[in-house]
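Source file: upload27.cif; contents: mmCIF, C-alpha atoms.
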data_structure
loop_
_atom_site.label_atom_id
_atom_site.label_comp_id
_atom_site.auth_asym_id
_atom_site.auth_seq_id
_atom_site.Cartn_x
_atom_site.Cartn_y
_atom_site.Cartn_z
CA MET A 173 156.11 139.21 78.90
CA ILE A 174 152.57 140.45 79.46
CA ALA A 175 151.18 137.48 77.57
CA SER A 176 153.08 134.99 79.72
CA GLY A 177 151.85 136.80 82.90
CA LEU A 178 148.23 136.51 81.76
CA LYS A 179 148.72 132.87 80.87
CA SER A 180 150.09 131.99 84.30
CA SER A 181 147.30 133.96 86.01
CA ALA A 182 144.68 132.18 83.90
CA ASP A 183 146.28 128.83 84.72
CA ALA A 184 146.19 129.68 88.43
CA VAL A 185 142.47 130.55 88.24
CA VAL A 186 141.67 127.38 86.30
CA TRP A 187 143.56 125.14 88.70
CA SER A 188 142.01 126.91 91.69
CA LEU A 189 138.56 126.22 90.28
CA VAL A 190 139.51 122.58 89.61
CA LEU A 191 140.76 122.24 93.18
CA ILE A 192 137.60 123.80 94.65
CA GLY A 193 135.43 121.57 92.45
CA GLY A 194 137.37 118.47 93.52
CA ILE A 195 136.98 119.35 97.20
CA ALA A 196 133.24 119.95 96.72
CA PHE A 197 132.87 116.62 94.90
CA LEU A 198 134.70 114.75 97.66
CA GLY A 199 132.53 116.45 100.29
CA VAL A 200 129.34 115.36 98.54
CA LEU A 201 130.72 111.84 98.10
CA VAL A 202 131.57 111.55 101.80
CA PHE A 203 128.11 112.86 102.72
CA TYR A 204 126.32 110.22 100.63
CA ILE A 205 128.56 107.39 101.83
CA ARG A 206 128.01 108.30 105.49
CA ARG A 207 124.27 108.69 104.95
CA ARG A 208 124.05 105.29 103.29
CA LEU A 209 126.12 103.57 105.97
CA PHE A 210 124.10 104.96 108.87
CA THR A 211 120.64 104.44 107.33
CA ASP A 212 121.49 100.83 106.41
CA ARG A 213 122.43 100.14 110.00
CA GLN A 214 119.21 101.67 111.36
CA GLN A 215 116.65 100.36 108.87
CA SER A 216 117.82 96.97 107.70
CA PRO A 217 114.70 95.04 106.58
CA GLU A 218 116.41 91.68 107.13
CA ALA A 219 117.17 92.47 110.77
CA VAL A 220 113.59 93.37 111.71
CA LEU A 221 111.44 90.50 112.90
CA SER A 222 107.68 90.51 112.51
CA LEU A 223 105.35 89.89 115.41
CA GLN A 224 104.31 86.58 113.83
CA GLN A 225 107.95 85.48 113.64
CA LEU A 226 108.35 86.32 117.33
CA ARG A 227 105.24 84.27 118.16
CA ASP A 228 106.58 81.35 116.14
CA MET A 229 109.93 81.56 117.92
CA LEU A 230 108.14 81.58 121.29
CA ALA A 231 106.01 78.59 120.32
CA ALA A 232 109.10 76.71 119.13
CA GLY A 233 110.88 77.43 122.41
CA GLN A 234 113.62 79.48 120.78
CA ILE A 235 112.95 82.46 123.06
CA THR A 236 111.52 82.81 126.56
CA GLU A 237 108.39 84.72 127.61
CA ALA A 238 110.57 87.55 128.95
CA GLU A 239 112.53 87.78 125.69
CA PHE A 240 109.28 87.73 123.73
CA ALA A 241 107.86 90.58 125.81
CA ARG A 242 111.05 92.62 125.44
CA LEU A 243 111.29 92.06 121.67
CA LYS A 244 107.59 92.72 121.18
CA ALA A 245 107.86 96.02 123.07
CA ALA A 246 110.89 97.00 120.99
CA LEU A 247 109.12 96.04 117.76
CA LEU A 248 106.00 98.04 118.62
CA GLY A 249 107.98 100.97 119.99
CA ILE A 250 106.58 100.62 123.51
CA PRO A 251 109.03 101.57 126.25
CA GLU A 252 109.75 98.76 128.67
CA SER A 253 108.38 99.12 132.18
CA PRO A 254 111.13 99.07 134.76
CA ALA A 255 111.55 95.85 136.69
CA PRO A 256 110.25 95.97 140.27
CA ARG A 257 112.97 96.86 142.73
CA LYS A 258 113.73 94.35 145.43
CA ASP A 259 114.35 96.98 148.09
CA ARG A 260 110.82 98.38 147.75
CA PRO A 261 107.91 96.18 148.92
CA VAL A 262 105.11 95.53 146.47
CA ALA A 263 101.77 97.04 147.50
CA SER A 264 99.27 94.41 148.58
CA ALA A 265 95.58 94.32 149.43
CA PRO A 266 94.47 95.81 152.76
CA ALA A 267 94.59 93.41 155.71
CA GLY A 268 90.79 93.22 156.03
CA LYS A 269 90.38 92.24 152.39
CA ALA A 270 93.12 89.61 152.69
CA ARG A 271 91.45 88.04 155.77
CA GLN A 272 88.09 88.11 154.05
CA HIS A 273 89.53 86.22 151.12
CA GLU A 274 91.34 83.71 153.36
CA THR A 275 88.37 82.96 155.62
CA GLY A 276 85.66 83.40 153.05
CA GLN A 277 83.71 85.59 155.53
CA ASP A 278 82.68 89.20 155.28
CA PRO A 279 84.30 91.16 158.18
CA MET A 280 81.26 93.40 158.48
#
Same coordinates, now as structure tokens:
Amino acid sequence: MIASGLKSSADAVVWSLVLIGGIAFLGVLVFYIRRRLFTDRQQSPEAVLSLQQLRDMLAAGQITEAEFARLKAALLGIPESPAPRKDRPVASAPAGKARQHETGQDPM
């Protein structure tokens, strides 16, 4: 009777260790799969265009100047400048300077 009690206790310890090991293995497996999936999405070498490829696409008419500027900024890591708002007037030259340019005369 004592021998059968020890055998069942030893079996329980062995199977507990097997279960814990299996859970740890699955955890590590999930970690590596997730890491691989997310790094492939962020750093895919095929998806990244070079600056020369962008220039070629612009020259071939495949993209517009605005698209080129946006893609170039994204490629170089430069944040895009916000587009000018239509409700805010754009600052212009002082009136005296504008008249001087129009008339070709110095106001002084």
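What separates atom CA of A:Phe240 from atom CA of A:Arg227 is a distance of 7.7 Å.
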Quiz item: Could you pull the residues within 12 Å of A:Gln225, counting all atoms listed in the file, minus those fewer than 6 positions along the same chain, as number ranges by chain?
Solution: A: 219, 231-232, 234-235, 240, 243-244, 247
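Note that the spacing between atom CA of A:Lys179 and atom CA of A:Phe197 amounts to 26.7 Å.
Between atom CA of A:Ser222 and atom CA of A:Glu237 the interatomic distance comes to 16.2 Å.
Closest approach to A:Leu223 among A:Arg242, A:Val202, A:Arg207, A:Leu248: A:Leu248, based on only C-alpha atoms.
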Filled-in N, CA and C atoms of stretch 175-211 of chain A, supplied as an mmCIF file, in the frame of the given file:
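Saved result, selection_33.cif, follows:
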data_model
loop_
_atom_site.group_PDB
_atom_site.id
_atom_site.type_symbol
_atom_site.label_atom_id
_atom_site.label_comp_id
_atom_site.auth_asym_id
_atom_site.auth_seq_id
_atom_site.Cartn_x
_atom_site.Cartn_y
_atom_site.Cartn_z
ATOM 1 N N ALA A 175 151.945 138.660 77.971
ATOM 2 C CA ALA A 175 151.180 137.480 77.570
ATOM 3 C C ALA A 175 151.495 136.299 78.478
ATOM 4 N N SER A 176 152.732 136.111 78.849
ATOM 5 C CA SER A 176 153.080 134.990 79.720
ATOM 6 C C SER A 176 152.521 135.218 81.129
ATOM 7 N N GLY A 177 152.429 136.477 81.594
ATOM 8 C CA GLY A 177 151.850 136.800 82.900
ATOM 9 C C GLY A 177 150.364 136.497 82.919
ATOM 10 N N LEU A 178 149.666 136.813 81.849
ATOM 11 C CA LEU A 178 148.230 136.510 81.760
ATOM 12 C C LEU A 178 148.000 135.009 81.695
ATOM 13 N N LYS A 179 148.879 134.312 80.983
ATOM 14 C CA LYS A 179 148.720 132.870 80.870
ATOM 15 C C LYS A 179 148.901 132.192 82.221
ATOM 16 N N SER A 180 149.878 132.618 82.997
ATOM 17 C CA SER A 180 150.090 131.990 84.300
ATOM 18 C C SER A 180 148.971 132.363 85.275
ATOM 19 N N SER A 181 148.428 133.570 85.170
ATOM 20 C CA SER A 181 147.300 133.960 86.010
ATOM 21 C C SER A 181 146.058 133.160 85.635
ATOM 22 N N ALA A 182 145.835 132.956 84.358
ATOM 23 C CA ALA A 182 144.680 132.180 83.900
ATOM 24 C C ALA A 182 144.830 130.728 84.341
ATOM 25 N N ASP A 183 146.041 130.199 84.255
ATOM 26 C CA ASP A 183 146.280 128.830 84.720
ATOM 27 C C ASP A 183 145.994 128.706 86.220
ATOM 28 N N ALA A 184 146.409 129.703 86.985
ATOM 29 C CA ALA A 184 146.190 129.680 88.430
ATOM 30 C C ALA A 184 144.700 129.690 88.749
ATOM 31 N N VAL A 185 143.915 130.489 88.025
ATOM 32 C CA VAL A 185 142.470 130.550 88.240
ATOM 33 C C VAL A 185 141.823 129.218 87.858
ATOM 34 N N VAL A 186 142.234 128.651 86.752
ATOM 35 C CA VAL A 186 141.670 127.380 86.300
ATOM 36 C C VAL A 186 141.962 126.283 87.316
ATOM 37 N N TRP A 187 143.199 126.198 87.753
ATOM 38 C CA TRP A 187 143.560 125.140 88.700
ATOM 39 C C TRP A 187 142.928 125.377 90.072
ATOM 40 N N SER A 188 142.715 126.622 90.441
ATOM 41 C CA SER A 188 142.010 126.910 91.690
ATOM 42 C C SER A 188 140.563 126.429 91.612
ATOM 43 N N LEU A 189 139.929 126.677 90.471
ATOM 44 C CA LEU A 189 138.560 126.220 90.280
ATOM 45 C C LEU A 189 138.484 124.680 90.250
ATOM 46 N N VAL A 190 139.461 124.038 89.633
ATOM 47 C CA VAL A 190 139.510 122.580 89.610
ATOM 48 C C VAL A 190 139.681 122.038 91.026
ATOM 49 N N LEU A 191 140.542 122.672 91.801
ATOM 50 C CA LEU A 191 140.760 122.240 93.180
ATOM 51 C C LEU A 191 139.498 122.419 94.025
ATOM 52 N N ILE A 192 138.841 123.556 93.903
ATOM 53 C CA ILE A 192 137.600 123.800 94.650
ATOM 54 C C ILE A 192 136.512 122.808 94.226
ATOM 55 N N GLY A 193 136.409 122.548 92.936
ATOM 56 C CA GLY A 193 135.430 121.570 92.450
ATOM 57 C C GLY A 193 135.716 120.166 92.968
ATOM 58 N N GLY A 194 136.990 119.791 92.990
ATOM 59 C CA GLY A 194 137.370 118.470 93.520
ATOM 60 C C GLY A 194 137.036 118.327 94.991
ATOM 61 N N ILE A 195 137.298 119.376 95.768
ATOM 62 C CA ILE A 195 136.980 119.350 97.200
ATOM 63 C C ILE A 195 135.470 119.252 97.399
ATOM 64 N N ALA A 196 134.703 120.008 96.611
ATOM 65 C CA ALA A 196 133.240 119.950 96.720
ATOM 66 C C ALA A 196 132.730 118.553 96.357
ATOM 67 N N PHE A 197 133.284 117.960 95.320
ATOM 68 C CA PHE A 197 132.870 116.620 94.900
ATOM 69 C C PHE A 197 133.165 115.597 95.997
ATOM 70 N N LEU A 198 134.355 115.671 96.584
ATOM 71 C CA LEU A 198 134.700 114.750 97.660
ATOM 72 C C LEU A 198 133.799 114.941 98.876
ATOM 73 N N GLY A 199 133.443 116.185 99.178
ATOM 74 C CA GLY A 199 132.530 116.450 100.290
ATOM 75 C C GLY A 199 131.172 115.821 100.077
ATOM 76 N N VAL A 200 130.634 115.966 98.870
ATOM 77 C CA VAL A 200 129.340 115.360 98.540
ATOM 78 C C VAL A 200 129.436 113.843 98.582
ATOM 79 N N LEU A 201 130.518 113.293 98.083
ATOM 80 C CA LEU A 201 130.720 111.840 98.100
ATOM 81 C C LEU A 201 130.766 111.303 99.521
ATOM 82 N N VAL A 202 131.498 111.967 100.395
ATOM 83 C CA VAL A 202 131.570 111.550 101.800
ATOM 84 C C VAL A 202 130.200 111.641 102.451
ATOM 85 N N PHE A 203 129.448 112.696 102.166
ATOM 86 C CA PHE A 203 128.110 112.860 102.720
ATOM 87 C C PHE A 203 127.207 111.688 102.342
ATOM 88 N N TYR A 204 127.181 111.312 101.073
ATOM 89 C CA TYR A 204 126.320 110.220 100.630
ATOM 90 C C TYR A 204 126.773 108.867 101.179
ATOM 91 N N ILE A 205 128.066 108.659 101.274
ATOM 92 C CA ILE A 205 128.560 107.390 101.830
ATOM 93 C C ILE A 205 128.179 107.277 103.295
ATOM 94 N N ARG A 206 128.386 108.338 104.070
ATOM 95 C CA ARG A 206 128.010 108.300 105.490
ATOM 96 C C ARG A 206 126.511 108.121 105.658
ATOM 97 N N ARG A 207 125.734 108.807 104.856
ATOM 98 C CA ARG A 207 124.270 108.690 104.950
ATOM 99 C C ARG A 207 123.830 107.264 104.653
ATOM 100 N N ARG A 208 124.410 106.663 103.655
ATOM 101 C CA ARG A 208 124.050 105.290 103.290
ATOM 102 C C ARG A 208 124.470 104.293 104.367
ATOM 103 N N LEU A 209 125.648 104.479 104.925
ATOM 104 C CA LEU A 209 126.120 103.570 105.970
ATOM 105 C C LEU A 209 125.235 103.642 107.205
ATOM 106 N N PHE A 210 124.873 104.835 107.639
ATOM 107 C CA PHE A 210 124.100 104.960 108.870
ATOM 108 C C PHE A 210 122.637 104.590 108.672
ATOM 109 N N THR A 211 122.036 104.834 107.527
ATOM 110 C CA THR A 211 120.640 104.440 107.330
ATOM 111 C C THR A 211 120.531 102.936 107.139
#
